[in-house]
>>> print(open('target_14.txt').read())   # compact mmCIF, C-alpha atoms
# COMPACT_ATOMS: atom_id res chain seq x y z
CA MET A 26 13.50 3.61 2.06
CA GLU A 27 12.54 0.94 -0.45
CA ASN A 28 16.07 -0.38 -0.50
CA LEU A 29 16.11 -0.56 3.28
CA PHE A 30 12.95 -2.64 3.01
CA ARG A 31 14.46 -4.88 0.36
CA TYR A 32 17.59 -5.60 2.38
CA HIS A 33 16.27 -5.74 5.89
CA TYR A 34 12.52 -6.40 5.92
CA ARG A 35 12.66 -10.19 6.05
CA PRO A 36 15.63 -10.48 8.43
CA LEU A 37 13.98 -7.95 10.76
CA CYS A 38 10.74 -9.94 10.72
CA ILE A 39 12.62 -13.15 11.52
CA PHE A 40 14.49 -11.33 14.26
CA ALA A 41 11.17 -10.25 15.79
CA LEU A 42 9.80 -13.74 15.26
CA HIS A 43 12.47 -15.12 17.60
CA TYR A 44 10.91 -13.05 20.36
CA LEU A 45 7.27 -13.11 19.42
CA LYS A 46 6.75 -16.49 17.71
CA ASP A 47 3.95 -14.92 15.70
CA ILE A 48 4.56 -13.96 12.12
CA ASP A 49 1.75 -11.40 11.79
CA VAL A 50 2.67 -9.52 14.94
CA SER A 51 6.31 -9.60 13.84
CA GLU A 52 5.43 -8.00 10.53
CA ASP A 53 3.46 -5.29 12.34
CA VAL A 54 6.37 -4.54 14.66
CA VAL A 55 8.74 -4.21 11.72
CA GLN A 56 6.34 -1.90 9.87
CA GLU A 57 6.20 0.22 12.98
CA ALA A 58 10.00 0.38 13.17
CA PHE A 59 10.25 1.53 9.57
CA GLY A 60 7.56 4.10 10.33
CA LEU A 61 9.55 5.52 13.24
CA LEU A 62 12.69 5.72 11.14
CA TRP A 63 10.73 7.44 8.38
CA GLU A 64 9.37 10.01 10.82
CA LYS A 65 12.85 10.75 12.10
CA LEU A 66 14.25 11.16 8.60
CA SER A 67 11.31 13.27 7.45
CA ALA A 68 11.86 15.55 10.43
CA GLY A 69 15.34 16.15 9.07
CA GLU A 70 17.14 14.12 11.73
CA LYS A 71 20.15 12.12 10.70
CA VAL A 72 20.26 8.44 11.56
CA VAL A 73 23.79 7.24 10.97
CA ASN A 74 23.30 3.51 11.48
CA GLN A 75 19.84 2.92 10.04
CA LYS A 76 20.10 -0.85 10.17
CA GLY A 77 21.17 -0.77 13.81
CA TYR A 78 18.37 1.66 14.58
CA LEU A 79 15.76 -0.61 13.01
CA TYR A 80 17.00 -3.67 14.90
CA SER A 81 17.02 -1.90 18.23
CA ILE A 82 13.47 -0.59 17.73
CA VAL A 83 12.26 -4.06 16.75
CA LYS A 84 13.95 -5.59 19.77
CA ASN A 85 12.50 -3.07 22.20
CA ARG A 86 9.00 -3.22 20.76
CA SER A 87 9.08 -7.02 20.82
CA LEU A 88 10.16 -7.07 24.45
CA ASP A 89 7.44 -4.53 25.30
CA ILE A 90 4.84 -6.76 23.76
CA LEU A 91 6.12 -9.78 25.66
CA ARG A 92 6.19 -7.87 28.94
CA LYS A 93 2.63 -6.74 28.51
CA GLY A 94 1.70 -10.29 27.73
CA GLY A 95 -0.11 -8.96 24.68
CA LEU A 96 0.27 -12.28 22.93
CA THR A 97 -1.36 -15.48 23.91
CA GLY A 98 0.27 -18.84 23.55
CA GLU A 99 3.87 -19.83 23.55
CA ALA A 100 5.38 -16.45 24.12
CA ILE A 101 3.62 -15.97 27.44
CA SER A 102 4.36 -19.31 28.97
CA LEU A 103 8.06 -18.46 29.12
CA ASP A 104 10.00 -19.64 32.08
CA GLY A 105 11.59 -16.74 33.86
CA SER A 106 11.49 -13.12 32.96
CA VAL A 107 11.38 -11.48 29.59
CA ASP A 108 14.75 -9.90 30.29
CA ASP A 109 16.36 -13.36 30.32
CA ILE A 110 15.58 -13.97 26.67
CA GLU A 111 18.75 -14.26 24.73
CA GLU A 112 19.05 -11.71 21.99
CA PRO A 113 18.89 -13.36 18.60
CA ALA A 114 21.91 -12.65 16.43
CA VAL A 115 21.33 -10.40 13.46
CA GLU A 116 23.45 -12.76 11.35
CA ASP A 117 21.22 -15.70 12.30
CA ALA A 118 18.16 -13.73 11.31
CA GLU A 119 19.76 -12.96 7.97
CA VAL A 120 20.58 -16.60 7.32
CA GLU A 121 17.07 -17.61 8.29
CA ALA A 122 15.56 -14.95 6.08
CA ARG A 123 17.43 -16.48 3.16
CA LEU A 124 16.16 -19.93 4.08
CA TRP A 125 12.63 -18.52 4.15
CA THR A 126 13.19 -17.14 0.68
CA ALA A 127 14.59 -20.50 -0.42
CA ILE A 128 11.41 -22.23 0.77
CA ASP A 129 9.40 -19.63 -1.15
CA THR A 130 11.20 -20.59 -4.31
CA LEU A 131 10.75 -24.36 -3.98
CA PRO A 132 8.48 -25.88 -6.61
CA GLU A 133 4.92 -25.74 -5.27
CA LYS A 134 4.32 -29.46 -4.89
CA CYS A 135 7.73 -29.97 -3.40
CA ARG A 136 7.13 -27.19 -0.86
CA GLU A 137 3.73 -28.54 0.08
CA ILE A 138 5.07 -32.04 0.76
CA PHE A 139 8.13 -30.70 2.55
CA LEU A 140 6.03 -28.53 4.88
CA MET A 141 3.54 -31.30 5.60
CA SER A 142 6.42 -33.47 6.64
CA LYS A 143 8.71 -31.09 8.52
CA ARG A 144 6.34 -28.42 9.79
CA ASP A 145 3.08 -30.23 10.30
CA GLY A 146 4.82 -33.41 11.47
CA LEU A 147 2.84 -35.76 9.26
CA LYS A 148 4.30 -39.20 8.65
CA GLN A 149 5.45 -39.80 5.10
CA GLU A 150 2.84 -42.55 4.73
CA GLU A 151 0.12 -40.12 5.82
CA ILE A 152 1.23 -37.55 3.27
CA ALA A 153 1.21 -40.15 0.51
CA GLN A 154 -2.31 -41.17 1.46
CA GLU A 155 -3.56 -37.60 1.85
CA LEU A 156 -2.26 -36.51 -1.55
CA GLY A 157 -2.88 -39.82 -3.29
CA ILE A 158 0.73 -40.24 -4.36
CA SER A 159 3.26 -42.99 -3.78
CA LEU A 160 5.43 -43.15 -0.68
CA GLN A 161 8.50 -43.01 -2.89
CA THR A 162 7.37 -39.71 -4.42
CA VAL A 163 6.97 -38.22 -0.97
CA LYS A 164 10.46 -39.37 0.01
CA ASN A 165 11.92 -38.00 -3.19
CA GLN A 166 10.26 -34.63 -2.83
CA VAL A 167 11.30 -34.19 0.81
CA SER A 168 14.92 -35.03 0.09
CA LYS A 169 14.86 -32.82 -2.99
CA ALA A 170 13.62 -29.92 -0.83
CA LEU A 171 16.24 -30.57 1.83
CA LYS A 172 18.96 -30.70 -0.77
CA ILE A 173 17.89 -27.41 -2.35
CA LEU A 174 17.64 -25.73 1.03
CA LYS A 175 20.95 -27.09 2.32
CA ASP A 176 22.77 -26.20 -0.86
CA GLY A 177 21.26 -22.80 -0.51
CA ALA A 178 22.30 -22.63 3.12
CA VAL A 179 25.87 -23.64 2.34
CA LYS A 180 26.06 -20.89 -0.21
CA ILE A 181 24.73 -18.53 2.38
CA TYR A 182 27.39 -19.57 4.86
CA THR A 183 30.23 -19.17 2.44
CA PHE A 184 28.75 -15.82 1.57
CA PHE A 185 28.80 -14.68 5.17
CA VAL A 186 32.02 -16.23 6.45
CA MET B 10 28.16 -25.75 11.21
CA PRO B 11 25.70 -28.41 10.03
CA GLU B 12 24.18 -28.36 13.50
CA ASN B 13 23.63 -24.64 13.25
CA GLU B 14 22.18 -25.10 9.85
CA ASN B 15 19.56 -27.50 11.15
CA LYS B 16 18.70 -25.18 13.98
CA HIS B 17 18.06 -22.37 11.52
CA LEU B 18 16.12 -24.53 9.15
CA ASP B 19 13.99 -25.97 11.94
CA PHE B 20 13.13 -22.51 13.18
CA VAL B 21 12.20 -21.26 9.74
CA VAL B 22 10.20 -24.34 8.82
CA LYS B 23 8.30 -24.21 12.09
CA HIS B 24 7.08 -20.69 11.45
CA TYR B 25 6.92 -20.72 7.69
CA ARG B 26 3.63 -19.62 6.22
CA GLU B 27 3.10 -19.18 2.54
CA GLY B 28 2.69 -15.64 1.29
CA LYS B 29 4.01 -14.10 4.50
CA LEU B 30 7.02 -11.78 4.71
CA ASP B 31 6.21 -10.38 1.29
CA THR B 32 8.61 -7.47 1.00
CA ARG B 33 6.82 -5.91 -1.92
CA LYS B 34 3.50 -5.96 -0.09
CA ALA B 35 5.20 -4.49 2.96
CA ILE B 36 6.56 -1.64 0.85
CA SER B 37 3.15 -0.84 -0.63
CA LYS B 38 1.59 -0.92 2.80
CA PHE B 39 4.27 1.39 4.10
CA ASN B 40 3.88 3.78 1.19
CA ALA B 41 0.12 3.86 1.55
CA GLU B 42 0.29 4.50 5.29
CA HIS B 43 2.84 7.25 4.99
CA GLY B 44 1.45 8.81 1.86
CA ILE B 45 4.57 8.21 -0.17
CA ALA B 46 4.23 8.28 -3.92
CA PRO B 47 5.74 5.38 -5.80
CA ALA B 48 8.66 6.58 -7.91
CA PRO B 49 6.88 8.90 -10.34
CA MET B 50 7.02 8.32 -14.05
CA LYS B 51 8.82 11.26 -15.54
CA ARG B 52 8.09 12.44 -19.01
CA ASN B 53 8.71 15.28 -21.36
CA GLY B 54 12.20 14.41 -22.33
CA ARG B 55 14.15 14.54 -19.11
CA GLY B 56 16.24 11.61 -20.23
CA TRP B 57 17.09 13.64 -23.27
CA ILE B 58 18.05 16.53 -21.06
CA TYR B 59 20.51 14.40 -19.14
CA PHE B 60 21.88 13.09 -22.41
CA ALA B 61 22.26 16.58 -23.81
CA SER B 62 23.85 17.92 -20.69
CA GLY B 63 26.18 14.93 -20.63
CA ILE B 64 27.60 15.86 -23.99
CA ALA B 65 27.79 19.53 -23.24
CA ALA B 66 28.85 19.04 -19.66
CA ALA B 67 31.93 21.16 -20.02
CA VAL B 68 30.16 23.85 -21.91
CA LEU B 69 28.49 26.50 -19.84
CA LEU B 70 25.94 27.03 -22.54
CA GLY B 71 24.93 23.40 -22.24
CA VAL B 72 24.35 23.82 -18.55
CA MET B 73 22.21 26.85 -19.17
CA ILE B 74 20.08 25.01 -21.70
CA ARG B 75 19.61 22.24 -19.21
CA PHE B 76 18.25 24.64 -16.63
CA ALA B 77 16.01 26.27 -19.15
CA LEU B 78 14.52 22.91 -20.05
CA LEU B 79 14.28 21.78 -16.45
CA ALA B 80 12.04 24.74 -15.77
CA THR B 81 9.48 23.32 -18.16
CA ALA B 82 10.00 19.66 -17.27
CA GLU B 83 6.78 18.02 -16.28
CA VAL B 84 6.16 15.23 -13.81
CA THR B 85 3.31 12.90 -14.70
CA LEU B 86 1.77 10.56 -12.16
CA VAL B 87 -0.29 7.67 -13.44
CA ALA B 88 -2.61 5.40 -11.45
CA ASN B 89 -2.14 1.89 -12.74
CA GLY B 90 -3.90 0.18 -9.83
CA PRO B 91 -7.55 0.65 -8.78
CA LYS B 92 -6.45 3.63 -6.71
CA GLU B 93 -3.07 5.12 -6.03
CA VAL B 94 -1.99 7.72 -3.54
CA PHE B 95 0.59 10.33 -4.45
CA LEU B 96 2.23 12.99 -2.37
CA LEU B 97 2.97 16.24 -4.17
CA PRO B 98 5.97 18.45 -3.33
CA ASP B 99 3.79 20.66 -1.08
CA SER B 100 2.54 17.58 0.85
CA THR B 101 -0.84 17.65 -0.84
CA ARG B 102 -2.21 14.13 -1.05
CA VAL B 103 -3.85 13.04 -4.25
CA THR B 104 -5.65 9.75 -4.71
CA LEU B 105 -6.10 8.86 -8.35
CA ALA B 106 -8.61 6.33 -9.58
CA GLN B 107 -7.41 3.77 -12.09
CA GLY B 108 -6.36 5.36 -15.36
CA GLY B 109 -6.24 8.84 -13.87
CA THR B 110 -3.20 11.01 -14.46
CA LEU B 111 -1.89 14.10 -12.79
CA SER B 112 0.87 16.26 -14.16
CA TYR B 113 2.64 19.30 -12.82
CA LYS B 114 5.79 21.30 -13.25
CA GLU B 115 8.25 20.52 -10.49
CA TRP B 116 9.84 23.89 -10.90
CA GLY B 117 6.49 25.60 -10.44
CA PHE B 118 5.94 23.95 -7.06
CA LYS B 119 9.36 25.08 -5.93
CA ARG B 120 8.43 28.66 -6.70
CA GLY B 121 5.10 28.37 -4.91
CA SER B 122 2.90 28.06 -7.96
CA ARG B 123 0.75 25.04 -7.24
CA ARG B 124 -0.81 24.11 -10.55
CA VAL B 125 -1.70 20.63 -11.67
CA ASN B 126 -3.50 19.04 -14.59
CA LEU B 127 -5.88 16.18 -14.05
CA THR B 128 -7.44 13.57 -16.27
CA GLY B 129 -9.82 10.95 -14.90
CA LYS B 130 -10.87 11.04 -11.29
CA GLY B 131 -8.86 12.44 -8.39
CA TYR B 132 -9.47 13.01 -4.71
CA PHE B 133 -7.44 15.89 -3.29
CA GLU B 134 -6.42 16.65 0.26
CA VAL B 135 -4.79 19.99 -0.26
CA THR B 136 -2.18 21.33 2.15
CA LYS B 137 -3.19 24.72 3.47
CA ASP B 138 -1.11 27.60 2.19
CA ALA B 139 -3.10 30.80 2.02
CA GLY B 140 -0.46 32.64 0.02
CA HIS B 141 -0.39 30.05 -2.74
CA PRO B 142 -3.72 28.82 -4.06
CA PHE B 143 -3.81 25.28 -5.34
CA GLU B 144 -5.18 25.08 -8.87
CA VAL B 145 -6.40 22.12 -10.84
CA SER B 146 -7.04 22.40 -14.56
CA THR B 147 -8.73 19.78 -16.64
CA GLU B 148 -9.76 19.76 -20.23
CA ASN B 149 -13.06 21.41 -19.42
CA SER B 150 -12.86 22.86 -15.95
CA PHE B 151 -10.80 24.83 -13.49
CA VAL B 152 -10.72 24.63 -9.69
CA ARG B 153 -8.93 26.99 -7.32
CA VAL B 154 -8.70 26.05 -3.65
CA LEU B 155 -7.29 27.12 -0.33
CA GLY B 156 -6.75 24.02 1.77
CA THR B 157 -9.54 21.54 1.42
CA ARG B 158 -10.65 18.05 0.60
CA PHE B 159 -12.53 17.52 -2.61
CA LEU B 160 -13.22 15.03 -5.31
CA LEU B 161 -12.87 16.09 -8.94
CA GLU B 162 -14.20 13.80 -11.64
CA ILE B 163 -13.72 14.53 -15.29
CA LEU B 164 -15.69 11.79 -16.99
CA PRO B 165 -17.98 12.34 -18.77
CA VAL B 166 -18.61 15.83 -17.35
CA ALA B 167 -16.46 17.72 -14.88
CA LYS B 168 -17.85 17.33 -11.40
CA VAL B 169 -16.57 18.52 -8.02
CA SER B 170 -17.70 17.18 -4.65
CA LEU B 171 -16.47 19.16 -1.70
CA TYR B 172 -15.84 17.49 1.65
CA GLU B 173 -14.11 20.28 3.51
CA GLY B 174 -13.14 23.91 2.95
CA LYS B 175 -14.02 26.09 -0.01
CA VAL B 176 -13.26 26.01 -3.71
CA HIS B 177 -13.86 28.14 -6.75
CA PHE B 178 -15.07 26.07 -9.68
CA ALA B 179 -15.29 27.32 -13.26
CA ARG B 180 -15.14 26.26 -16.87
CA THR B 181 -11.77 27.94 -17.36
CA GLU B 182 -9.51 30.13 -15.30
CA ASN B 183 -10.96 33.37 -16.66
CA LEU B 184 -14.63 32.52 -16.81
CA GLU B 185 -17.13 33.26 -14.08
CA GLY B 186 -17.57 30.30 -11.76
CA VAL B 187 -19.24 29.30 -8.53
CA VAL B 188 -17.96 29.06 -4.99
CA LEU B 189 -18.61 25.74 -3.31
CA THR B 190 -18.67 25.09 0.39
CA GLU B 191 -18.68 21.92 2.43
CA GLY B 192 -21.04 19.19 1.33
CA MET B 193 -21.81 20.80 -2.04
CA THR B 194 -21.42 19.21 -5.43
CA ALA B 195 -21.30 21.00 -8.76
CA LEU B 196 -20.93 19.89 -12.32
CA ILE B 197 -20.43 21.51 -15.66
CA PRO B 198 -22.92 20.06 -18.15
CA ILE B 199 -21.51 19.45 -21.60
CA GLY B 200 -21.64 22.67 -23.60
CA ALA B 201 -22.47 24.82 -20.57
CA ILE B 202 -20.37 27.78 -19.50
CA LYS B 203 -21.29 28.00 -15.84
CA PRO B 204 -21.29 25.10 -13.38
CA LYS B 205 -24.56 23.85 -11.98
CA VAL B 206 -24.68 23.52 -8.20
CA GLU B 207 -26.32 20.64 -6.39
CA HIS B 208 -26.56 21.33 -2.71
CA LYS B 209 -26.92 17.74 -1.75
CA GLY B 210 -23.56 16.15 -1.04
CA ASN B 211 -22.98 12.52 -1.87
CA PRO B 212 -21.30 10.69 1.00
CA ASN B 213 -20.64 7.72 -1.27
CA GLY B 214 -18.71 9.70 -3.88
CA ILE B 215 -15.54 8.82 -2.02
CA ALA B 216 -16.56 5.28 -1.07
CA TRP B 217 -13.60 4.09 -3.15
CA ILE B 218 -11.22 6.10 -0.95
CA ARG B 219 -12.77 5.35 2.39
CA GLY B 220 -13.54 1.72 1.58
CA THR B 221 -17.10 1.94 2.94
CA PHE B 222 -20.57 2.77 1.70
CA VAL B 223 -22.66 4.86 4.06
CA PHE B 224 -26.45 4.82 3.93
CA GLU B 225 -28.90 6.66 6.11
CA ASP B 226 -32.52 5.80 5.69
CA THR B 227 -31.82 5.47 1.97
CA PRO B 228 -34.35 3.82 -0.34
CA LEU B 229 -33.12 0.41 -1.51
CA LYS B 230 -33.39 1.57 -5.10
CA GLU B 231 -30.83 4.28 -4.47
CA VAL B 232 -28.65 1.94 -2.39
CA LEU B 233 -28.45 -0.56 -5.23
CA LEU B 234 -27.76 2.20 -7.72
CA THR B 235 -24.82 3.45 -5.63
CA ILE B 236 -23.37 -0.01 -5.15
CA GLY B 237 -24.06 -0.92 -8.76
CA ASN B 238 -22.26 2.18 -10.06
CA TYR B 239 -19.29 1.34 -7.91
CA TYR B 240 -18.97 -2.20 -9.19
CA GLY B 241 -20.35 -1.58 -12.65
CA VAL B 242 -23.32 -3.93 -12.29
CA SER B 243 -27.06 -3.45 -11.94
CA PHE B 244 -29.46 -5.05 -9.52
CA GLY B 245 -33.09 -5.89 -9.13
CA ALA B 246 -34.88 -6.52 -5.84
CA THR B 247 -38.20 -7.83 -4.64
CA ASP B 248 -39.08 -4.65 -2.76
CA MET B 249 -37.34 -1.47 -3.87
CA LYS B 250 -39.26 0.73 -1.42
CA LYS B 251 -37.62 -0.54 1.75
CA ARG B 252 -35.06 1.77 3.33
CA LEU B 253 -31.58 1.01 4.58
CA SER B 254 -29.25 2.54 7.16
CA GLY B 255 -25.74 1.36 7.83
CA GLU B 256 -22.13 1.24 6.81
CA PHE B 257 -20.74 -1.45 4.54
CA SER B 258 -17.20 -2.26 3.49
CA THR B 259 -16.64 -1.96 -0.25
CA GLU B 260 -14.39 -5.03 -0.19
CA ASP B 261 -16.82 -7.81 -0.87
CA LEU B 262 -19.83 -7.28 -3.11
CA ASP B 263 -21.46 -10.62 -2.38
CA LEU B 264 -21.20 -10.03 1.34
CA ILE B 265 -22.83 -6.59 1.08
CA ILE B 266 -25.69 -8.04 -0.91
CA GLU B 267 -26.14 -10.85 1.59
CA LEU B 268 -26.17 -8.40 4.49
CA ILE B 269 -28.74 -6.16 2.83
CA GLU B 270 -30.91 -9.15 1.95
CA SER B 271 -31.01 -10.36 5.51
CA ALA B 272 -31.35 -6.85 7.00
CA LEU B 273 -34.33 -5.90 4.85
CA ASP B 274 -35.70 -9.36 4.18
CA VAL B 275 -35.62 -8.92 0.42
CA LYS B 276 -34.20 -10.90 -2.46
CA ILE B 277 -31.63 -9.12 -4.60
CA VAL B 278 -30.53 -10.32 -8.03
CA LYS B 279 -27.70 -9.18 -10.24
CA MET B 280 -28.94 -8.32 -13.71
>>> encode(input="target_14.txt", output="structure tokens")
Amino acid sequence: MENLFRYHYRPLCIFALHYLKDIDVSEDVVQEAFGLLWEKLSAGEKVVNQKGYLYSIVKNRSLDILRKGGLTGEAISLDGSVDDIEEPAVEDAEVEARLWTAIDTLPEKCREIFLMSKRDGLKQEEIAQELGISLQTVKNQVSKALKILKDGAVKIYTFFV
Amino acid sequence: MPENENKHLDFVVKHYREGKLDTRKAISKFNAEHGIAPAPMKRNGRGWIYFASGIAAAVLLGVMIRFALLATAEVTLVANGPKEVFLLPDSTRVTLAQGGTLSYKEWGFKRGSRRVNLTGKGYFEVTKDAGHPFEVSTENSFVRVLGTRFLLEILPVAKVSLYEGKVHFARTENLEGVVLTEGMTALIPIGAIKPKVEHKGNPNGIAWIRGTFVFEDTPLKEVLLTIGNYYGVSFGATDMKKRLSGEFSTEDLDLIIELIESALDVKIVKM
């Protein structure tokens, strides 16, 4: 069970995140999926494709949540029906999980600056001012982060192809 | 491909939050919710057994020795964190407080003999099995149960608090003991042979398991003593005679103190 977690926990969460757009709810859904698998296995049932089972549970639970409109925000204001949502590819989720891990492993300062710039949409000048560092440092850190992540991503691609 | 790459990165960056998707945390949460014991630490020379049997693999005698030793092999569970939950082979759930250990013979459980040894403090939720009593031995006490929830503390004196069911509590297996029923607590004073029964149960004995303190019209003095014992601190207050009712999470000491101060309009100081 622990190995299943190690291999599939993050990709499954990212997979759910494509539907739900909420990281906490995604983690809950994935926990639930592992719980269901565990119950099945403890009851002596055989699950041949455990990975496939987990993904299908996560998909169905995520769609349930969207249908019930249990989440506020982006997920609800979808155009069209829940059934029109394109199913995210498992491979994409796996690549993205690795990128997430790569961001985790960035040096702290580098990560902070990178996220302020790319996630929070701050201008590089604003970041420099906020953190009291030079504009050049901000530029350097952002490109350093991008380089690390892209190198990482390339490795990931060659790994998968 | 670079286009794809950006799409992936943009998605991840957009949702990235530090400390989220922590696989290790997820595993602990899962284990706690499903009562799964972390891989137990095995002791008593099992590694040696494998080694020995490896050498003598082809020799029948070697195999026989291995089985003979396996019969006496002991599993030892150790709580390294503040509390850890373990599931025994018969589905009994044991929560050990930090530093507590529990050992048992795996072979024994397979044959229906449910005997464990405890050091430290353990909370037991014993699986009912009328034909096979569950027995806990400690250095200075012995408890026999038939499906129940109880707390057994060994330090500094052996003390049992019963939350459900019935247990027999004695100094040793063969000495005369007492039978405890729900809500009763008993302890064996140092040097005594027979346990002393206190009829008053202590709902806060398992505060560390439940994660809450429960008080019902309890004098502040007693409230502060309970909380203080839990956190290992002592308190003073402006009016010890006031009484408190309510349930408080054990998570945040400062918050509890604040809540009590405002509820009772007193000033509480850590000493």
>>> atom_distance(input="target_14.txt", atom1="atom CA of Pro142 of chain B", atom2="atom CA of Glu83 of chain B")
19.4 Å
>>> residues_near_point(input="target_14.txt", point="(21.0, -14.0, 15.1)", cutoff="12 Å", atoms="all atoms listed in the file", output="mmCIF file with C-alpha atoms, in the coordinates of the input")
data_model
loop_
_atom_site.group_PDB
_atom_site.id
_atom_site.type_symbol
_atom_site.label_atom_id
_atom_site.label_comp_id
_atom_site.auth_asym_id
_atom_site.auth_seq_id
_atom_site.Cartn_x
_atom_site.Cartn_y
_atom_site.Cartn_z
ATOM 1 C CA PRO A 36 15.630 -10.480 8.430
ATOM 2 C CA LEU A 37 13.980 -7.950 10.760
ATOM 3 C CA CYS A 38 10.740 -9.940 10.720
ATOM 4 C CA ILE A 39 12.620 -13.150 11.520
ATOM 5 C CA PHE A 40 14.490 -11.330 14.260
ATOM 6 C CA ALA A 41 11.170 -10.250 15.790
ATOM 7 C CA LEU A 42 9.800 -13.740 15.260
ATOM 8 C CA HIS A 43 12.470 -15.120 17.600
ATOM 9 C CA TYR A 44 10.910 -13.050 20.360
ATOM 10 C CA TYR A 80 17.000 -3.670 14.900
ATOM 11 C CA LYS A 84 13.950 -5.590 19.770
ATOM 12 C CA GLU A 111 18.750 -14.260 24.730
ATOM 13 C CA GLU A 112 19.050 -11.710 21.990
ATOM 14 C CA PRO A 113 18.890 -13.360 18.600
ATOM 15 C CA ALA A 114 21.910 -12.650 16.430
ATOM 16 C CA VAL A 115 21.330 -10.400 13.460
ATOM 17 C CA GLU A 116 23.450 -12.760 11.350
ATOM 18 C CA ASP A 117 21.220 -15.700 12.300
ATOM 19 C CA ALA A 118 18.160 -13.730 11.310
ATOM 20 C CA GLU A 119 19.760 -12.960 7.970
ATOM 21 C CA VAL A 120 20.580 -16.600 7.320
ATOM 22 C CA GLU A 121 17.070 -17.610 8.290
ATOM 23 C CA ALA A 122 15.560 -14.950 6.080
ATOM 24 C CA ASN B 13 23.630 -24.640 13.250
ATOM 25 C CA LYS B 16 18.700 -25.180 13.980
ATOM 26 C CA HIS B 17 18.060 -22.370 11.520
ATOM 27 C CA PHE B 20 13.130 -22.510 13.180
#
>>> closest_atom_pairs(input="target_14.txt", of="chain B", to="chain A", cutoff="7 Å", atoms="all atoms listed in the file", output="Markdown table")
| residue | atom | partner | partner_atom | distance |
| --- | --- | --- | --- | --- |
| B:His17 | CA | A:Glu121 | CA | 5.8 |
| B:Leu18 | CA | A:Leu124 | CA | 6.8 |
| B:Val21 | CA | A:Trp125 | CA | 6.2 |
| B:Val22 | CA | A:Arg144 | CA | 5.7 |
| B:Lys23 | CA | A:Arg144 | CA | 5.2 |
| B:Leu30 | CA | A:Arg35 | CA | 6.0 |
| B:Thr32 | CA | A:Tyr34 | CA | 6.4 |
| B:Ile36 | CA | A:Glu27 | CA | 6.6 |
| B:Phe39 | CA | A:Gln56 | CA | 7.0 |
>>> axis_aligned_box(input="target_14.txt", around="segment 30-34 of chain A", padding_each_side="5 Å", output="AutoDock Vina command-line options")
--center_x 15.1 --center_y -4.5 --center_z 3.1 --size_x 15.1 --size_y 13.8 --size_z 15.6
>>> residues_around(input="target_14.txt", residues="Lys119 of chain B", least_positions_apart="6", cutoff="12 Å", atoms="only C-alpha atoms", output="list in words")
Ala80, Leu97, Pro98, Asp99, Tyr113 and His141 of chain B
>>> residues_around(input="target_14.txt", residues="Thr247 of chain B", least_positions_apart="5", cutoff="10 Å", atoms="only C-alpha atoms", output="list in words")
Glu270, Asp274, Val275, Lys276, Ile277 and Val278 of chain B
>>> residues_around(input="target_14.txt", residues="Ser146 of chain B", least_positions_apart="5", cutoff="12 Å", atoms="only C-alpha atoms", output="MDAnalysis selection string")
chainID B and resid 111:113 123:129 131 151:154 161:163 167 177:183
>>> atom_distance(input="target_14.txt", atom1="atom CA of Asp261 of chain B", atom2="atom CA of Gly90 of chain B")
17.6 Å
>>> residues_around(input="target_14.txt", residues="Leu160 of chain A", least_positions_apart="3", cutoff="9 Å", atoms="all atoms listed in the file", output="MDAnalysis selection string")
chainID A and resid 149:154 163:165
>>> closest_residue(input="target_14.txt", among="B:Asn238, B:Ser243, B:Ser170, B:Ser258", to="Phe222 of chain B", atoms="all atoms listed in the file")
B:Ser258
>>> residues_around(input="target_14.txt", residues="Lys251 of chain B", least_positions_apart="2", cutoff="8 Å", atoms="all atoms listed in the file", output="JSON, numbers by chain")
{"B": [228, 229, 248, 249, 253, 273]}
>>> atom_distance(input="target_14.txt", atom1="atom CA of Lys203 of chain B", atom2="atom CA of Leu184 of chain B")
8.1 Å
>>> decode(input="target_14.txt", residues="segment 51-73 of chain A", atoms="C-alpha atoms", output="compact mmCIF listing (two decimals), in the first residue's frame")
# COMPACT_ATOMS: atom_id res chain seq x y z
CA SER A 51 -8.16 16.67 -4.54
CA GLU A 52 -6.07 15.23 -1.73
CA ASP A 53 -9.24 14.16 0.08
CA VAL A 54 -10.60 12.43 -3.01
CA VAL A 55 -7.36 10.53 -3.48
CA GLN A 56 -7.30 9.45 0.17
CA GLU A 57 -10.82 8.18 -0.29
CA ALA A 58 -9.81 6.20 -3.38
CA PHE A 59 -6.95 4.54 -1.53
CA GLY A 60 -9.38 3.79 1.29
CA LEU A 61 -11.79 2.04 -1.07
CA LEU A 62 -8.99 0.00 -2.59
CA TRP A 63 -7.79 -0.94 0.88
CA GLU A 64 -11.27 -2.10 1.89
CA LYS A 65 -11.52 -4.25 -1.21
CA LEU A 66 -8.13 -5.82 -0.62
CA SER A 67 -8.79 -6.36 3.08
CA ALA A 68 -12.02 -8.12 2.18
CA GLY A 69 -9.90 -10.56 0.21
CA GLU A 70 -10.97 -9.30 -3.21
CA LYS A 71 -8.40 -9.24 -5.96
CA VAL A 72 -7.85 -6.01 -7.85
CA VAL A 73 -5.77 -6.81 -10.90
